[in-house]
Amino acid sequence: MFRRKLAALDYHNPAGFNCKDETEFRNFIVWLEDQKIRHYKIEDRGNLRNIHSPEWPKHFERYLQDVASPFTVLERQEAVDWLLSLAVRFEYGDNADKYKNCQPHAAADNTRTQSDPLIHLDSECTPYWPSSVQKHAFRKTSHRSASLVCFLCLPVNNPDFKAGVLALANLLQIQRHDDYLVMLKAIRILVQERLTQEAIAKAGRSKEGLPVALEKHLLGFDTGDATLNEAAAILRLLHIEELRDLQTRINEAIVAVQAIIADPKTDHRLGKVGR
């Protein structure tokens, strides 16, 4: 019933959405407000985000009134369809130029490139092999490579794919996201930056530091919130530390270059004294 509108809004599971499932429905409303409609300010969305609260239906009813919905909480399907239409209208309004020039779906598929290894995850079909030669080459690859290729060809709505991404996110303590591809990319970034041999070796080197009194460091601006001010001060100090580390590396590079060019070998036989 809602598949086309959900797909237009890039919802992570347009074909399997079930508005009768209470938890899924509440999470969907939170996603719709956070990502698409954005009627409330961020600080005013707490009641909607608290999906386990027994007062949530009242807050949702208030939300429908605030967005001028003609439907109530008792008309759930109609309300969802109306909210989706509102979200699609806002999405088009924010990106009107983009959608005016977009190609038909079939034509766009023919022009897609394979530069991103995650591009196969957007497909809901089985792996496609352009020729028997590639298929034969795939059979001759190692088991690990074959498993990787099969993984890259998994559809994004595959339950095994979702379960695997969610398990990795929980293991690595990565914030959950409605879009499993976003979580997968976050996992990739963390693995590349934190779990390589160089990163592990660097993390193993203990750093001795001195306690810092944040109140003695002027932030230069005021956010209006003491907690945010402290967080901003910490971020500034960390940034200064990174700049110092960068300056140290630059100095080391300059010294290394000077060691090569600052002591040229000269031929004293060519030197002359006087005229």
# chains A, B, ... in the order shown; residues from 1 in each chain; ligands from 1

call {"tool": "closest_atom_pairs", "arguments": {"of": "region 156-210 of chain A", "to": "region 32-35 of chain A", "cutoff": "12 Å", "atoms": "only C-alpha atoms", "output": "JSON lines"}}
result
{"residue": "A:His177", "atom": "CA", "partner": "A:Gln35", "partner_atom": "CA", "distance": 11.3}
{"residue": "A:Asp178", "atom": "CA", "partner": "A:Gln35", "partner_atom": "CA", "distance": 10.2}
{"residue": "A:Asp179", "atom": "CA", "partner": "A:Gln35", "partner_atom": "CA", "distance": 11.3}

call {"tool": "residues_around", "arguments": {"residues": "region 65-71 of chain A", "least_positions_apart": "2", "cutoff": "12 Å", "atoms": "only C-alpha atoms", "output": "list of chain:residue names"}}
result
A:Glu33, A:Ile37, A:Arg38, A:His39, A:Tyr40, A:Lys58, A:His59, A:Phe60, A:Glu61, A:Arg62, A:Tyr63, A:Val73, A:Leu74, A:Glu75, A:Arg76, A:Gln77, A:Glu78, A:Ala79, A:Val80, A:Asp81, A:Trp82, A:Leu83, A:Leu84, A:Ser85, A:Leu86, A:Ala87

call {"tool": "atom_distance", "arguments": {"atom1": "CA of Phe90 (chain A)", "atom2": "CA of Gly16 (chain A)"}}
result
23.6 Å

call {"tool": "atom_distance", "arguments": {"atom1": "CA of Tyr180 (chain A)", "atom2": "CA of Phe2 (chain A)"}}
result
19.9 Å

call {"tool": "atom_distance", "arguments": {"atom1": "CA of Val182 (chain A)", "atom2": "CA of Asn158 (chain A)"}}
result
15.4 Å

call {"tool": "decode", "arguments": {"residues": "region 29-57 of chain A", "atoms": "N, CA, C and O atoms", "output": "PDB file, in the first residue's frame"}}
result
ATOM      1  N   ILE A  29       7.515   6.488  12.389  1.00  0.00           N
ATOM      2  CA  ILE A  29       7.084   7.877  12.600  1.00  0.00           C
ATOM      3  C   ILE A  29       8.267   8.740  13.027  1.00  0.00           C
ATOM      4  O   ILE A  29       8.438   9.871  12.553  1.00  0.00           O
ATOM      5  N   VAL A  30       9.117   8.209  13.895  1.00  0.00           N
ATOM      6  CA  VAL A  30      10.309   8.939  14.338  1.00  0.00           C
ATOM      7  C   VAL A  30      11.227   9.203  13.147  1.00  0.00           C
ATOM      8  O   VAL A  30      11.743  10.313  12.971  1.00  0.00           O
ATOM      9  N   TRP A  31      11.449   8.174  12.320  1.00  0.00           N
ATOM     10  CA  TRP A  31      12.302   8.327  11.137  1.00  0.00           C
ATOM     11  C   TRP A  31      11.718   9.371  10.180  1.00  0.00           C
ATOM     12  O   TRP A  31      12.447  10.218   9.647  1.00  0.00           O
ATOM     13  N   LEU A  32      10.409   9.321   9.978  1.00  0.00           N
ATOM     14  CA  LEU A  32       9.761  10.238   9.038  1.00  0.00           C
ATOM     15  C   LEU A  32       9.908  11.690   9.498  1.00  0.00           C
ATOM     16  O   LEU A  32      10.197  12.582   8.690  1.00  0.00           O
ATOM     17  N   GLU A  33       9.717  11.923  10.796  1.00  0.00           N
ATOM     18  CA  GLU A  33       9.851  13.287  11.309  1.00  0.00           C
ATOM     19  C   GLU A  33      11.311  13.744  11.311  1.00  0.00           C
ATOM     20  O   GLU A  33      11.617  14.876  10.913  1.00  0.00           O
ATOM     21  N   ASP A  34      12.229  12.858  11.735  1.00  0.00           N
ATOM     22  CA  ASP A  34      13.648  13.228  11.822  1.00  0.00           C
ATOM     23  C   ASP A  34      14.264  13.479  10.448  1.00  0.00           C
ATOM     24  O   ASP A  34      15.048  14.422  10.272  1.00  0.00           O
ATOM     25  N   GLN A  35      13.930  12.648   9.474  1.00  0.00           N
ATOM     26  CA  GLN A  35      14.625  12.672   8.196  1.00  0.00           C
ATOM     27  C   GLN A  35      13.906  13.452   7.099  1.00  0.00           C
ATOM     28  O   GLN A  35      14.567  13.998   6.210  1.00  0.00           O
ATOM     29  N   LYS A  36      12.570  13.498   7.145  1.00  0.00           N
ATOM     30  CA  LYS A  36      11.848  14.030   5.986  1.00  0.00           C
ATOM     31  C   LYS A  36      10.965  15.247   6.295  1.00  0.00           C
ATOM     32  O   LYS A  36      11.070  16.271   5.635  1.00  0.00           O
ATOM     33  N   ILE A  37      10.102  15.123   7.284  1.00  0.00           N
ATOM     34  CA  ILE A  37       9.134  16.195   7.523  1.00  0.00           C
ATOM     35  C   ILE A  37       9.774  17.331   8.317  1.00  0.00           C
ATOM     36  O   ILE A  37       9.652  18.506   7.959  1.00  0.00           O
ATOM     37  N   ARG A  38      10.404  16.996   9.432  1.00  0.00           N
ATOM     38  CA  ARG A  38      11.138  17.962  10.260  1.00  0.00           C
ATOM     39  C   ARG A  38      10.259  19.160  10.655  1.00  0.00           C
ATOM     40  O   ARG A  38      10.666  20.316  10.551  1.00  0.00           O
ATOM     41  N   HIS A  39       9.054  18.842  11.100  1.00  0.00           N
ATOM     42  CA  HIS A  39       8.137  19.910  11.537  1.00  0.00           C
ATOM     43  C   HIS A  39       8.577  20.483  12.877  1.00  0.00           C
ATOM     44  O   HIS A  39       8.523  21.704  13.084  1.00  0.00           O
ATOM     45  N   TYR A  40       8.987  19.608  13.792  1.00  0.00           N
ATOM     46  CA  TYR A  40       9.449  20.050  15.103  1.00  0.00           C
ATOM     47  C   TYR A  40      10.939  20.389  15.065  1.00  0.00           C
ATOM     48  O   TYR A  40      11.694  19.857  14.252  1.00  0.00           O
ATOM     49  N   LYS A  41      11.347  21.259  15.985  1.00  0.00           N
ATOM     50  CA  LYS A  41      12.765  21.457  16.209  1.00  0.00           C
ATOM     51  C   LYS A  41      13.345  20.201  16.839  1.00  0.00           C
ATOM     52  O   LYS A  41      12.629  19.417  17.462  1.00  0.00           O
ATOM     53  N   ILE A  42      14.643  20.008  16.698  1.00  0.00           N
ATOM     54  CA  ILE A  42      15.273  18.783  17.193  1.00  0.00           C
ATOM     55  C   ILE A  42      15.008  18.581  18.678  1.00  0.00           C
ATOM     56  O   ILE A  42      14.697  17.471  19.131  1.00  0.00           O
ATOM     57  N   GLU A  43      15.098  19.666  19.451  1.00  0.00           N
ATOM     58  CA  GLU A  43      14.916  19.542  20.895  1.00  0.00           C
ATOM     59  C   GLU A  43      13.471  19.263  21.281  1.00  0.00           C
ATOM     60  O   GLU A  43      13.192  18.882  22.429  1.00  0.00           O
ATOM     61  N   ASP A  44      12.534  19.422  20.336  1.00  0.00           N
ATOM     62  CA  ASP A  44      11.115  19.178  20.642  1.00  0.00           C
ATOM     63  C   ASP A  44      10.647  17.803  20.193  1.00  0.00           C
ATOM     64  O   ASP A  44       9.447  17.504  20.280  1.00  0.00           O
ATOM     65  N   ARG A  45      11.555  16.975  19.727  1.00  0.00           N
ATOM     66  CA  ARG A  45      11.148  15.652  19.215  1.00  0.00           C
ATOM     67  C   ARG A  45      11.282  14.541  20.245  1.00  0.00           C
ATOM     68  O   ARG A  45      11.097  13.373  19.937  1.00  0.00           O
ATOM     69  N   GLY A  46      11.622  14.908  21.474  1.00  0.00           N
ATOM     70  CA  GLY A  46      11.863  13.892  22.502  1.00  0.00           C
ATOM     71  C   GLY A  46      10.670  13.006  22.774  1.00  0.00           C
ATOM     72  O   GLY A  46      10.810  11.783  22.943  1.00  0.00           O
ATOM     73  N   ASN A  47       9.469  13.590  22.824  1.00  0.00           N
ATOM     74  CA  ASN A  47       8.284  12.777  23.112  1.00  0.00           C
ATOM     75  C   ASN A  47       8.018  11.753  22.019  1.00  0.00           C
ATOM     76  O   ASN A  47       7.619  10.617  22.304  1.00  0.00           O
ATOM     77  N   LEU A  48       8.227  12.143  20.764  1.00  0.00           N
ATOM     78  CA  LEU A  48       8.024  11.189  19.671  1.00  0.00           C
ATOM     79  C   LEU A  48       9.092  10.099  19.697  1.00  0.00           C
ATOM     80  O   LEU A  48       8.821   8.940  19.392  1.00  0.00           O
ATOM     81  N   ARG A  49      10.327  10.474  20.049  1.00  0.00           N
ATOM     82  CA  ARG A  49      11.419   9.507  20.049  1.00  0.00           C
ATOM     83  C   ARG A  49      11.311   8.500  21.183  1.00  0.00           C
ATOM     84  O   ARG A  49      11.893   7.414  21.101  1.00  0.00           O
ATOM     85  N   ASN A  50      10.601   8.846  22.215  1.00  0.00           N
ATOM     86  CA  ASN A  50      10.428   7.922  23.345  1.00  0.00           C
ATOM     87  C   ASN A  50       9.320   6.930  23.010  1.00  0.00           C
ATOM     88  O   ASN A  50       8.208   6.999  23.531  1.00  0.00           O
ATOM     89  N   ILE A  51       9.657   5.984  22.136  1.00  0.00           N
ATOM     90  CA  ILE A  51       8.627   5.085  21.588  1.00  0.00           C
ATOM     91  C   ILE A  51       8.104   4.084  22.615  1.00  0.00           C
ATOM     92  O   ILE A  51       7.064   3.455  22.398  1.00  0.00           O
ATOM     93  N   HIS A  52       8.793   3.915  23.724  1.00  0.00           N
ATOM     94  CA  HIS A  52       8.351   2.945  24.737  1.00  0.00           C
ATOM     95  C   HIS A  52       7.470   3.584  25.808  1.00  0.00           C
ATOM     96  O   HIS A  52       7.013   2.896  26.714  1.00  0.00           O
ATOM     97  N   SER A  53       7.233   4.869  25.682  1.00  0.00           N
ATOM     98  CA  SER A  53       6.403   5.553  26.670  1.00  0.00           C
ATOM     99  C   SER A  53       4.927   5.204  26.483  1.00  0.00           C
ATOM    100  O   SER A  53       4.432   5.138  25.352  1.00  0.00           O
ATOM    101  N   PRO A  54       4.208   4.966  27.584  1.00  0.00           N
ATOM    102  CA  PRO A  54       2.764   4.704  27.453  1.00  0.00           C
ATOM    103  C   PRO A  54       1.991   5.924  26.960  1.00  0.00           C
ATOM    104  O   PRO A  54       0.847   5.809  26.526  1.00  0.00           O
ATOM    105  N   GLU A  55       2.621   7.107  27.033  1.00  0.00           N
ATOM    106  CA  GLU A  55       1.975   8.331  26.580  1.00  0.00           C
ATOM    107  C   GLU A  55       2.229   8.615  25.098  1.00  0.00           C
ATOM    108  O   GLU A  55       1.789   9.648  24.590  1.00  0.00           O
ATOM    109  N   TRP A  56       2.939   7.701  24.432  1.00  0.00           N
ATOM    110  CA  TRP A  56       3.307   7.969  23.036  1.00  0.00           C
ATOM    111  C   TRP A  56       2.103   8.206  22.129  1.00  0.00           C
ATOM    112  O   TRP A  56       2.144   9.123  21.293  1.00  0.00           O
ATOM    113  N   PRO A  57       1.001   7.435  22.240  1.00  0.00           N
ATOM    114  CA  PRO A  57      -0.158   7.701  21.361  1.00  0.00           C
ATOM    115  C   PRO A  57      -0.700   9.128  21.494  1.00  0.00           C
ATOM    116  O   PRO A  57      -1.107   9.737  20.497  1.00  0.00           O
TER     117      PRO A  57
END
